[in-house]
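Q: To be precise about what I am sending: the file is called upload.cif and holds mmCIF, C-alpha atoms and all ligand atoms.
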data_target
#
loop_
_atom_site.label_atom_id
_atom_site.label_comp_id
_atom_site.auth_asym_id
_atom_site.auth_seq_id
_atom_site.Cartn_x
_atom_site.Cartn_y
_atom_site.Cartn_z
CA MET P 29 -20.69 6.29 -31.17
CA VAL P 30 -18.04 7.15 -28.63
CA HIS P 31 -14.90 5.02 -28.38
CA PRO P 32 -12.68 4.92 -25.31
CA ALA P 33 -8.94 4.56 -25.98
CA ASP P 34 -7.66 1.13 -27.00
CA ARG P 35 -5.27 1.23 -24.05
CA LEU P 36 -8.18 0.77 -21.66
CA GLY P 37 -8.65 -2.65 -23.24
CA ARG P 38 -5.22 -3.64 -21.92
CA VAL P 39 -6.52 -3.54 -18.38
CA PRO P 40 -7.65 -7.06 -17.60
CA PRO P 41 -11.40 -7.38 -17.04
CA TYR P 42 -12.42 -7.29 -13.42
CA LEU P 43 -12.47 -10.98 -12.55
CA PHE P 44 -14.36 -10.53 -9.34
CA ALA P 45 -17.39 -8.76 -10.72
CA ALA P 46 -19.50 -11.85 -9.96
CA LEU P 47 -18.31 -11.90 -6.35
CA LYS P 48 -19.03 -8.19 -5.98
CA ALA P 49 -22.46 -8.58 -7.52
CA LYS P 50 -23.22 -11.34 -5.02
CA VAL P 51 -22.17 -9.07 -2.14
CA SER P 52 -24.59 -6.38 -3.35
CA GLU P 53 -27.34 -8.94 -3.90
CA LEU P 54 -26.98 -10.39 -0.38
CA ARG P 55 -26.84 -6.90 1.14
CA ALA P 56 -30.00 -5.90 -0.74
CA LYS P 57 -31.71 -8.97 0.71
CA GLY P 58 -30.80 -7.72 4.18
CA VAL P 59 -28.16 -10.38 4.91
CA GLU P 60 -25.76 -9.01 7.53
CA LEU P 61 -22.36 -9.45 5.96
CA ILE P 62 -19.09 -9.03 7.83
CA ASP P 63 -16.76 -7.26 5.45
CA LEU P 64 -13.14 -8.34 5.75
CA GLY P 65 -12.58 -7.63 2.07
CA ILE P 66 -11.22 -4.13 1.86
CA GLY P 67 -8.14 -2.59 3.46
CA ASP P 68 -9.69 0.59 4.77
CA PRO P 69 -9.23 1.37 8.49
CA ASP P 70 -12.48 1.40 10.47
CA LEU P 71 -11.03 3.66 13.19
CA PRO P 72 -11.48 7.45 12.94
CA THR P 73 -8.83 10.04 12.08
CA PRO P 74 -7.34 11.24 15.41
CA GLU P 75 -9.13 14.22 16.86
CA HIS P 76 -6.08 16.53 16.98
CA ILE P 77 -5.82 16.21 13.19
CA VAL P 78 -9.55 16.77 12.51
CA ARG P 79 -9.68 19.80 14.85
CA ALA P 80 -6.64 21.38 13.27
CA ALA P 81 -8.04 20.76 9.79
CA GLN P 82 -11.29 22.56 10.70
CA GLY P 83 -9.20 25.63 11.47
CA PHE P 84 -7.18 25.30 8.25
CA LEU P 85 -10.40 25.45 6.20
CA THR P 86 -10.76 29.14 7.03
CA ASN P 87 -7.22 30.02 5.93
CA ALA P 88 -7.64 31.92 2.65
CA GLU P 89 -4.10 30.99 1.58
CA TYR P 90 -5.36 27.44 1.12
CA HIS P 91 -8.31 28.54 -1.01
CA ARG P 92 -5.95 29.30 -3.88
CA TYR P 93 -3.92 26.88 -6.00
CA PRO P 94 -1.27 25.10 -3.95
CA PRO P 95 2.38 25.06 -5.14
CA ASP P 96 2.96 22.26 -7.69
CA LEU P 97 5.29 20.28 -5.45
CA GLY P 98 3.17 20.81 -2.35
CA PHE P 99 3.36 23.30 0.51
CA ASP P 100 6.77 23.81 2.12
CA GLY P 101 5.37 22.97 5.56
CA PHE P 102 4.10 19.54 4.52
CA ARG P 103 7.29 18.67 2.62
CA ARG P 104 9.46 19.83 5.54
CA ALA P 105 7.31 17.70 7.86
CA GLY P 106 7.91 14.68 5.61
CA ALA P 107 11.66 15.26 5.70
CA GLU P 108 11.59 15.82 9.45
CA TYR P 109 9.64 12.61 9.93
CA TYR P 110 12.22 10.62 7.95
CA GLY P 111 14.95 12.11 10.11
CA LYS P 112 13.25 11.16 13.36
CA ARG P 113 11.78 7.83 12.35
CA PHE P 114 14.51 6.44 10.08
CA GLY P 115 17.57 8.58 10.73
CA VAL P 116 17.44 9.57 7.04
CA GLN P 117 18.20 13.22 6.32
CA LEU P 118 16.23 14.39 3.27
CA ASP P 119 16.51 17.70 1.42
CA TRP P 120 12.82 18.61 1.42
CA GLN P 121 13.17 20.85 -1.62
CA SER P 122 14.60 18.27 -4.00
CA GLU P 123 13.78 14.96 -2.34
CA VAL P 124 10.17 15.29 -1.10
CA LEU P 125 7.04 15.70 -3.22
CA ALA P 126 3.44 15.98 -1.94
CA LEU P 127 0.96 13.52 -3.46
CA ILE P 128 -2.81 13.17 -3.66
CA GLY P 129 -2.44 9.80 -1.93
CA SER P 130 0.21 7.19 -2.72
CA LYS P 131 -1.99 5.54 -5.32
CA GLU P 132 -1.88 8.70 -7.42
CA GLY P 133 1.88 8.98 -7.04
CA LEU P 134 2.61 5.31 -7.77
CA ALA P 135 0.46 5.40 -10.90
CA HIS P 136 2.01 8.58 -12.22
CA LEU P 137 5.54 7.47 -11.43
CA ILE P 138 4.97 4.68 -13.93
CA TRP P 139 3.89 7.22 -16.56
CA ALA P 140 6.99 9.29 -15.77
CA PHE P 141 9.35 6.33 -16.23
CA VAL P 142 7.88 3.70 -18.50
CA ASP P 143 7.92 4.07 -22.28
CA PRO P 144 6.08 1.55 -24.46
CA GLY P 145 8.01 -1.72 -24.47
CA ASP P 146 9.97 -0.99 -21.28
CA ALA P 147 10.00 -3.83 -18.78
CA VAL P 148 8.81 -3.32 -15.20
CA LEU P 149 9.55 -5.79 -12.41
CA LEU P 150 6.48 -6.35 -10.27
CA PRO P 151 5.82 -8.55 -7.27
CA ASP P 152 2.99 -11.06 -7.66
CA PRO P 153 0.72 -11.05 -5.68
CA ALA P 154 0.63 -7.25 -5.33
CA TYR P 155 -1.43 -4.11 -4.92
CA PRO P 156 -3.08 -4.04 -8.37
CA VAL P 157 -2.16 -0.45 -9.32
CA TYR P 158 1.43 -1.29 -10.32
CA ASN P 159 0.23 -3.86 -12.84
CA THR P 160 -2.69 -1.94 -14.35
CA GLN P 161 -0.74 1.29 -14.78
CA THR P 162 2.23 -0.51 -16.33
CA LEU P 163 -0.16 -2.09 -18.85
CA LEU P 164 -1.85 1.25 -19.57
CA ALA P 165 1.53 2.88 -20.16
CA GLY P 166 2.41 0.15 -22.66
CA GLY P 167 5.07 -1.38 -20.43
CA GLU P 168 5.87 -5.06 -20.22
CA VAL P 169 5.14 -6.68 -16.87
CA ARG P 170 7.84 -9.04 -15.61
CA VAL P 171 6.61 -10.84 -12.55
CA MET P 172 8.62 -11.54 -9.40
CA PRO P 173 6.69 -14.32 -7.60
CA LEU P 174 6.19 -13.93 -3.86
CA THR P 175 6.14 -17.41 -2.37
CA GLU P 176 5.79 -18.73 1.13
CA GLU P 177 9.10 -20.65 0.74
CA ASN P 178 10.91 -17.35 0.17
CA ALA P 179 9.06 -15.51 2.97
CA PHE P 180 7.08 -13.59 0.31
CA LEU P 181 10.19 -11.68 -0.80
CA PRO P 182 11.19 -11.50 -4.49
CA ASP P 183 14.07 -13.90 -5.15
CA LEU P 184 16.42 -11.46 -6.84
CA LYS P 185 18.75 -14.22 -8.04
CA SER P 186 16.01 -15.81 -10.10
CA ILE P 187 15.11 -12.71 -12.12
CA PRO P 188 15.89 -13.60 -15.75
CA ALA P 189 18.88 -11.74 -17.21
CA ASP P 190 16.86 -10.20 -20.04
CA ALA P 191 14.28 -8.85 -17.58
CA ALA P 192 17.04 -7.33 -15.46
CA ARG P 193 18.62 -5.78 -18.53
CA ARG P 194 15.42 -4.28 -19.90
CA ALA P 195 13.70 -3.27 -16.67
CA LYS P 196 13.31 0.44 -15.94
CA VAL P 197 11.57 0.12 -12.60
CA MET P 198 11.20 -2.47 -9.82
CA PHE P 199 8.37 -2.25 -7.31
CA ILE P 200 8.49 -3.69 -3.82
CA ASN P 201 6.09 -3.11 -0.93
CA TYR P 202 7.14 -3.90 2.65
CA PRO P 203 5.38 -4.36 5.00
CA ASN P 204 3.47 -6.16 2.28
CA ASN P 205 -0.08 -6.03 1.03
CA PRO P 206 -1.54 -8.67 0.61
CA THR P 207 0.78 -11.17 2.36
CA GLY P 208 1.57 -9.30 5.61
CA ALA P 209 5.26 -10.12 5.08
CA VAL P 210 8.00 -7.74 6.20
CA ALA P 211 11.50 -7.08 4.86
CA THR P 212 14.61 -6.42 6.91
CA LEU P 213 17.03 -3.62 6.06
CA GLU P 214 19.46 -6.34 4.91
CA TYR P 215 16.94 -7.44 2.29
CA LEU P 216 16.26 -3.86 1.20
CA GLN P 217 20.03 -3.37 0.87
CA GLN P 218 20.18 -6.37 -1.48
CA ALA P 219 17.36 -4.89 -3.56
CA VAL P 220 19.17 -1.53 -3.72
CA ASP P 221 22.45 -3.20 -4.72
CA TYR P 222 20.64 -5.20 -7.39
CA CYS P 223 18.92 -2.14 -8.84
CA ARG P 224 22.10 -0.04 -8.83
CA ARG P 225 23.92 -2.81 -10.65
CA HIS P 226 21.21 -2.98 -13.31
CA ASP P 227 20.29 0.74 -13.59
CA ILE P 228 16.77 0.16 -12.33
CA LEU P 229 14.66 2.61 -10.34
CA LEU P 230 13.66 0.85 -7.12
CA VAL P 231 10.30 1.88 -5.69
CA ASN P 232 9.29 0.86 -2.19
CA ASP P 233 5.62 1.36 -1.39
CA LEU P 234 5.77 2.05 2.35
CA ALA P 235 2.03 2.33 3.01
CA TYR P 236 2.33 0.17 6.16
CA ALA P 237 5.49 1.74 7.63
CA GLU P 238 3.98 2.01 11.10
CA MET P 239 1.80 -1.09 11.18
CA THR P 240 4.03 -3.83 12.61
CA TYR P 241 3.90 -6.23 15.55
CA ASP P 242 5.89 -8.27 18.03
CA GLY P 243 8.68 -5.70 18.21
CA PHE P 244 9.39 -5.56 14.47
CA VAL P 245 10.10 -2.01 13.26
CA ALA P 246 9.80 -1.52 9.50
CA PRO P 247 12.88 -0.04 7.84
CA SER P 248 12.91 2.52 5.02
CA VAL P 249 14.65 1.62 1.79
CA LEU P 250 16.35 5.01 2.06
CA GLN P 251 18.30 3.68 5.06
CA ALA P 252 20.18 1.36 2.70
CA GLU P 253 23.59 2.43 1.49
CA GLY P 254 23.48 4.03 -1.95
CA ALA P 255 19.66 3.98 -1.95
CA ARG P 256 19.30 7.57 -2.98
CA GLU P 257 21.13 6.90 -6.23
CA CYS P 258 18.39 4.57 -7.41
CA SER P 259 15.39 4.54 -5.06
CA VAL P 260 12.23 6.36 -4.10
CA GLU P 261 9.76 5.53 -1.41
CA PHE P 262 6.06 6.30 -1.12
CA TYR P 263 4.93 7.22 2.39
CA SER P 264 1.16 7.33 2.75
CA LEU P 265 -0.66 8.94 5.67
CA SER P 266 -3.74 6.82 4.91
CA LYS P 267 -3.10 3.79 7.08
CA PRO P 268 -1.06 5.15 10.05
CA TYR P 269 -3.42 8.05 10.73
CA ASN P 270 -6.70 6.57 9.45
CA MET P 271 -6.78 9.18 6.69
CA THR P 272 -7.66 7.13 3.58
CA GLY P 273 -10.37 9.59 2.56
CA TRP P 274 -8.18 12.66 2.89
CA ARG P 275 -5.83 11.65 0.05
CA ILE P 276 -2.43 12.67 1.32
CA ALA P 277 1.02 11.10 0.95
CA PHE P 278 4.49 11.99 -0.22
CA CYS P 279 7.24 10.59 -2.40
CA ALA P 280 10.78 10.73 -1.02
CA GLY P 281 14.23 9.87 -2.30
CA ASN P 282 16.10 9.99 -5.61
CA ARG P 283 15.90 13.55 -6.88
CA VAL P 284 15.76 12.66 -10.58
CA ALA P 285 12.72 10.50 -9.90
CA VAL P 286 11.13 13.14 -7.67
CA ALA P 287 11.70 15.79 -10.35
CA ALA P 288 10.34 13.57 -13.13
CA LEU P 289 7.19 12.80 -11.15
CA ALA P 290 6.82 16.49 -10.25
CA LYS P 291 7.15 17.45 -13.92
CA LEU P 292 4.45 15.00 -14.98
CA LYS P 293 2.14 16.03 -12.14
CA SER P 294 2.57 19.74 -12.82
CA SER P 295 0.63 19.31 -16.06
CA LEU P 296 -1.88 16.88 -14.58
CA ASP P 297 -3.07 18.10 -11.20
CA SER P 298 -2.39 21.09 -9.02
CA SER P 299 -1.42 19.21 -5.88
CA GLN P 300 -3.66 18.51 -2.87
CA PHE P 301 -5.86 21.10 -1.12
CA GLY P 302 -3.66 23.13 1.22
CA ALA P 303 -5.84 22.46 4.26
CA VAL P 304 -5.36 18.71 3.74
CA GLN P 305 -1.60 19.16 3.38
CA ALA P 306 -1.56 21.23 6.58
CA ALA P 307 -3.55 18.48 8.31
CA GLY P 308 -0.98 16.00 7.03
CA GLU P 309 1.75 18.16 8.53
CA ILE P 310 -0.05 17.97 11.89
CA ALA P 311 -0.38 14.20 11.56
CA LEU P 312 3.35 13.81 10.89
CA THR P 313 4.61 16.24 13.51
CA ARG P 314 2.02 16.18 16.31
CA THR P 315 0.90 12.58 16.60
CA PRO P 316 2.41 10.92 19.64
CA ARG P 317 4.12 7.58 19.07
CA GLU P 318 1.69 6.21 21.69
CA PHE P 319 -1.19 6.69 19.27
CA LEU P 320 0.47 4.41 16.70
CA ASP P 321 1.44 1.91 19.41
CA ALA P 322 -2.13 1.79 20.72
CA MET P 323 -3.52 1.26 17.23
CA ASN P 324 -1.06 -1.53 16.59
CA ALA P 325 -2.13 -3.12 19.88
CA THR P 326 -5.72 -3.00 18.62
CA TYR P 327 -4.76 -4.67 15.34
CA ALA P 328 -2.52 -7.18 17.12
CA SER P 329 -5.40 -8.23 19.35
CA ARG P 330 -7.67 -8.61 16.29
CA ARG P 331 -4.91 -10.61 14.62
CA GLU P 332 -4.80 -13.02 17.59
CA ILE P 333 -8.57 -13.54 17.55
CA MET P 334 -8.71 -14.21 13.82
CA CYS P 335 -5.55 -16.35 13.57
CA ALA P 336 -6.54 -18.50 16.52
CA GLY P 337 -10.09 -18.86 15.22
CA LEU P 338 -8.99 -19.77 11.69
CA THR P 339 -6.46 -22.28 12.99
CA ARG P 340 -9.20 -23.90 15.14
CA ALA P 341 -11.38 -24.06 12.02
CA GLY P 342 -8.65 -26.00 10.22
CA LEU P 343 -7.25 -23.02 8.29
CA PRO P 344 -3.72 -22.68 9.66
CA CYS P 345 -2.75 -19.04 10.02
CA LYS P 346 0.64 -17.67 10.95
CA PRO P 347 0.31 -14.20 12.55
CA PRO P 348 1.95 -11.69 10.18
CA LEU P 349 4.56 -9.19 11.45
CA GLY P 350 3.07 -6.32 9.48
CA THR P 351 -0.10 -4.78 7.93
CA PHE P 352 -3.69 -5.54 8.90
CA TYR P 353 -4.03 -8.48 6.52
CA LEU P 354 -4.00 -12.21 7.03
CA TRP P 355 -2.91 -14.23 4.00
CA VAL P 356 -4.56 -17.59 4.43
CA ARG P 357 -4.29 -20.77 2.37
CA VAL P 358 -7.61 -22.05 1.07
CA PRO P 359 -8.54 -25.68 1.82
CA ALA P 360 -6.96 -28.29 -0.47
CA GLY P 361 -8.79 -28.65 -3.78
CA GLU P 362 -10.48 -25.24 -3.66
CA THR P 363 -9.68 -22.10 -5.64
CA SER P 364 -9.33 -18.61 -4.18
CA VAL P 365 -12.53 -17.42 -5.82
CA GLY P 366 -14.40 -20.62 -4.97
CA PHE P 367 -13.46 -20.39 -1.30
CA ALA P 368 -14.22 -16.66 -1.12
CA GLU P 369 -17.64 -17.42 -2.63
CA ARG P 370 -18.22 -20.20 -0.13
CA LEU P 371 -17.38 -17.92 2.81
CA LEU P 372 -19.68 -15.27 1.35
CA THR P 373 -22.74 -17.44 0.75
CA GLY P 374 -22.12 -19.96 3.54
CA ALA P 375 -20.90 -17.65 6.30
CA GLY P 376 -21.83 -14.13 5.23
CA VAL P 377 -18.15 -13.15 5.48
CA VAL P 378 -16.52 -11.11 2.72
CA VAL P 379 -12.82 -11.84 2.01
CA SER P 380 -10.66 -11.06 -1.02
CA PRO P 381 -9.63 -13.94 -3.29
CA GLY P 382 -5.83 -14.09 -3.47
CA SER P 383 -5.95 -14.29 -7.26
CA ALA P 384 -7.26 -10.69 -7.27
CA PHE P 385 -3.66 -9.71 -6.52
CA GLY P 386 -2.04 -11.78 -9.28
CA GLY P 387 -1.63 -15.33 -10.50
CA HIS P 388 0.69 -16.25 -7.64
CA GLY P 389 -2.04 -15.27 -5.20
CA GLU P 390 -4.07 -18.29 -6.31
CA GLY P 391 -4.62 -20.66 -3.41
CA TYR P 392 -4.98 -17.90 -0.81
CA VAL P 393 -7.54 -15.45 0.47
CA ARG P 394 -6.78 -12.09 2.10
CA ILE P 395 -8.59 -11.23 5.30
CA ALA P 396 -8.55 -7.59 6.43
CA LEU P 397 -8.68 -6.91 10.18
CA THR P 398 -10.72 -3.76 9.71
CA VAL P 399 -13.74 -4.53 11.91
CA PRO P 400 -14.12 -4.45 15.73
CA GLU P 401 -13.45 -7.50 17.88
CA ASP P 402 -17.10 -8.47 18.42
CA GLN P 403 -17.55 -8.76 14.65
CA LEU P 404 -14.32 -10.75 14.36
CA HIS P 405 -15.53 -13.22 17.00
CA GLU P 406 -18.76 -13.58 15.04
CA ALA P 407 -16.83 -14.00 11.76
CA VAL P 408 -14.68 -16.71 13.35
CA ARG P 409 -17.80 -18.49 14.61
CA ARG P 410 -19.45 -18.35 11.18
CA ILE P 411 -16.31 -19.44 9.31
CA GLY P 412 -15.87 -22.33 11.74
CA ALA P 413 -19.45 -23.45 11.09
CA ALA P 414 -19.13 -23.11 7.30
CA VAL P 415 -15.74 -24.84 7.01
C1 LIG J 1 -3.63 1.34 0.95
C2 LIG J 1 -2.46 1.18 0.03
C3 LIG J 1 -2.02 2.24 -0.75
C4 LIG J 1 -2.87 3.47 -0.94
O1 LIG J 1 -2.44 4.54 -0.31
P1 LIG J 1 -3.16 5.93 -0.54
O2 LIG J 1 -2.17 6.89 -0.01
O3 LIG J 1 -4.44 5.90 0.24
O4 LIG J 1 -3.41 6.11 -2.00
C5 LIG J 1 -0.86 2.09 -1.49
N1 LIG J 1 -0.20 0.93 -1.50
C6 LIG J 1 -0.62 -0.13 -0.79
C7 LIG J 1 0.15 -1.38 -0.84
C8 LIG J 1 -1.77 -0.03 -0.02
O5 LIG J 1 -2.22 -1.10 0.63
#
Translate this file's structure into structure tokens.
Ligand SMILES: *Cc1c(COP(=O)(O)O)cnc(C)c1O
A:
Amino acid sequence: MVHPADRLGRVPPYLFAALKAKVSELRAKGVELIDLGIGDPDLPTPEHIVRAAQGFLTNAEYHRYPPDLGFDGFRRAGAEYYGKRFGVQLDWQSEVLALIGSKEGLAHLIWAFVDPGDAVLLPDPAYPVYNTQTLLAGGEVRVMPLTEENAFLPDLKSIPADAARRAKVMFINYPNNPTGAVATLEYLQQAVDYCRRHDILLVNDLAYAEMTYDGFVAPSVLQAEGARECSVEFYSLSKPYNMTGWRIAFCAGNRVAVAALAKLKSSLDSSQFGAVQAAGEIALTRTPREFLDAMNATYASRREIMCAGLTRAGLPCKPPLGTFYLWVRVPAGETSVGFAERLLTGAGVVVSPGSAFGGHGEGYVRIALTVPEDQLHEAVRRIGAAV
């Protein structure tokens, strides 16, 4: 008999296995499902990045092990980007670390900071990685509820004193998955002040830095005063440049945290393939702002179609200021999973139950705007008929 580690048992069972099985079953039967379940851009990686990457493949320098912290060029590009985009001057050598995607970095940061019994402050609902990795590392999850009344921002004043005292790390994620909420620099400043006061490492997951609407520009936590004493940020190239499959991101900020993560990673992986890092450098330095603006216009138009359609169907939907997700209340008396199942079987539309992102996600579903407009019109029509 082989026995996986006990710690794997700490990861809660996948509650949505039944929903997933139903998706596969319907697909196998030939039912044409519209998948608004996953947050993976449907648009291609820009051509200037793909072309450059083809050339980088032939560079023999990249065929060997990359430097542990990543190639200088990619890390410099990350620092340069922060300077241009946020007015934040980073020392690329001590404050920027290449990652094999943000997910990898976020997970390993937890292993670099959380000893068994340490408390970790997590938003709920949230991207599931923070929770599962904290549990695997033996940490204690202390939840910060994200509620509509508080604009889906953690209410820092209501964090219990013992949680504040024992917490090693606090995670936030703005623009936010799954709620679409955004945070102002004033809010990020409050979070920084709170974490400095309580000796907590503040982590902002900035996966949706560039995906905002109606004139809102997402700030970096590193713009807040004193942020570098207690904060790191994870900047992923996945969503802004449609590069989810490439696996490229970087961690920026507090040098103790960057060094700790680098130390852990140096005995775990050997950084990302150099050609992918070089492609990431191209993405950061050679992508015109107009590309990001045009993509946001595409998502904004999809957002209008879906929000208007849902509202007509009796599912009120407030257009979010960030991300490509709609966070929609389920009809009174229904659960997240029940409603997601009803949309699946009744309308052939796949959405994510809010409870997949934590207990405080109950009562919502998350709709990803990752299909073209004709499919969204069809989804709206089907949802309208089913509801
Ligand atoms: C998509 C996403 C990520 C994953 O980023 P990768 O760089 O592709 O690993 C991280 N955090 C959030 C909140 C996301 O939605």
Q: Return the single residue from P:Ala306, P:Leu292, P:Val399, P:Ala336 that is closest to P:Asp100, with distances computed using only C-alpha atoms.
A: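 Closest to P:Asp100, using only C-alpha atoms: P:Ala306.
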Q: So that I can check the surroundings of P:Ala45, please list as a PyMOL selection string every protein, DNA and RNA residue that reaches within 12 Å of it, counting all atoms listed in the file and ignoring chain neighbours fewer than 5 positions away.
A: chain P and resi 50-52+365+369+381+384
Q: Give the answer as one residue: which of P:Pro348, P:Gly101, P:Pro173, P:Pro400 has the shortest atom-to-atom distance to P:Ala307, using all atoms listed in the file?
A: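 With all atoms listed in the file as the atom set, the closest residue is P:Gly101.
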Q: For P:Pro359, find every residue with an atom within 12 Å (counting only C-alpha atoms), except residues of its own chain fewer than 5 positions away, and show them as an NGL selection string.
A: :P and (338-339 or 341-344 or 364-368 or 370-371 or 390-393 or 415)
Q: Excluding P:Val249 and any residue of its chain fewer than 6 positions from it, enumerate the residues within 7 Å of it, using only C-alpha atoms, and give them as a PDB file with C-alpha atoms, in the frame of the given file.
A:
ATOM      1  CA  LEU P 216      16.260  -3.860   1.200  1.00  0.00           C
ATOM      2  CA  ASN P 232       9.290   0.860  -2.190  1.00  0.00           C
ATOM      3  CA  ALA P 255      19.660   3.980  -1.950  1.00  0.00           C
TER       4      ALA P 255
END
Q: Measuring between only C-alpha atoms, which one of P:Pro41, P:Gly382, P:Pro206, P:Gly281 shows the shortest distance to P:Tyr155?
A: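 The answer is P:Pro206, which sits nearest to P:Tyr155.
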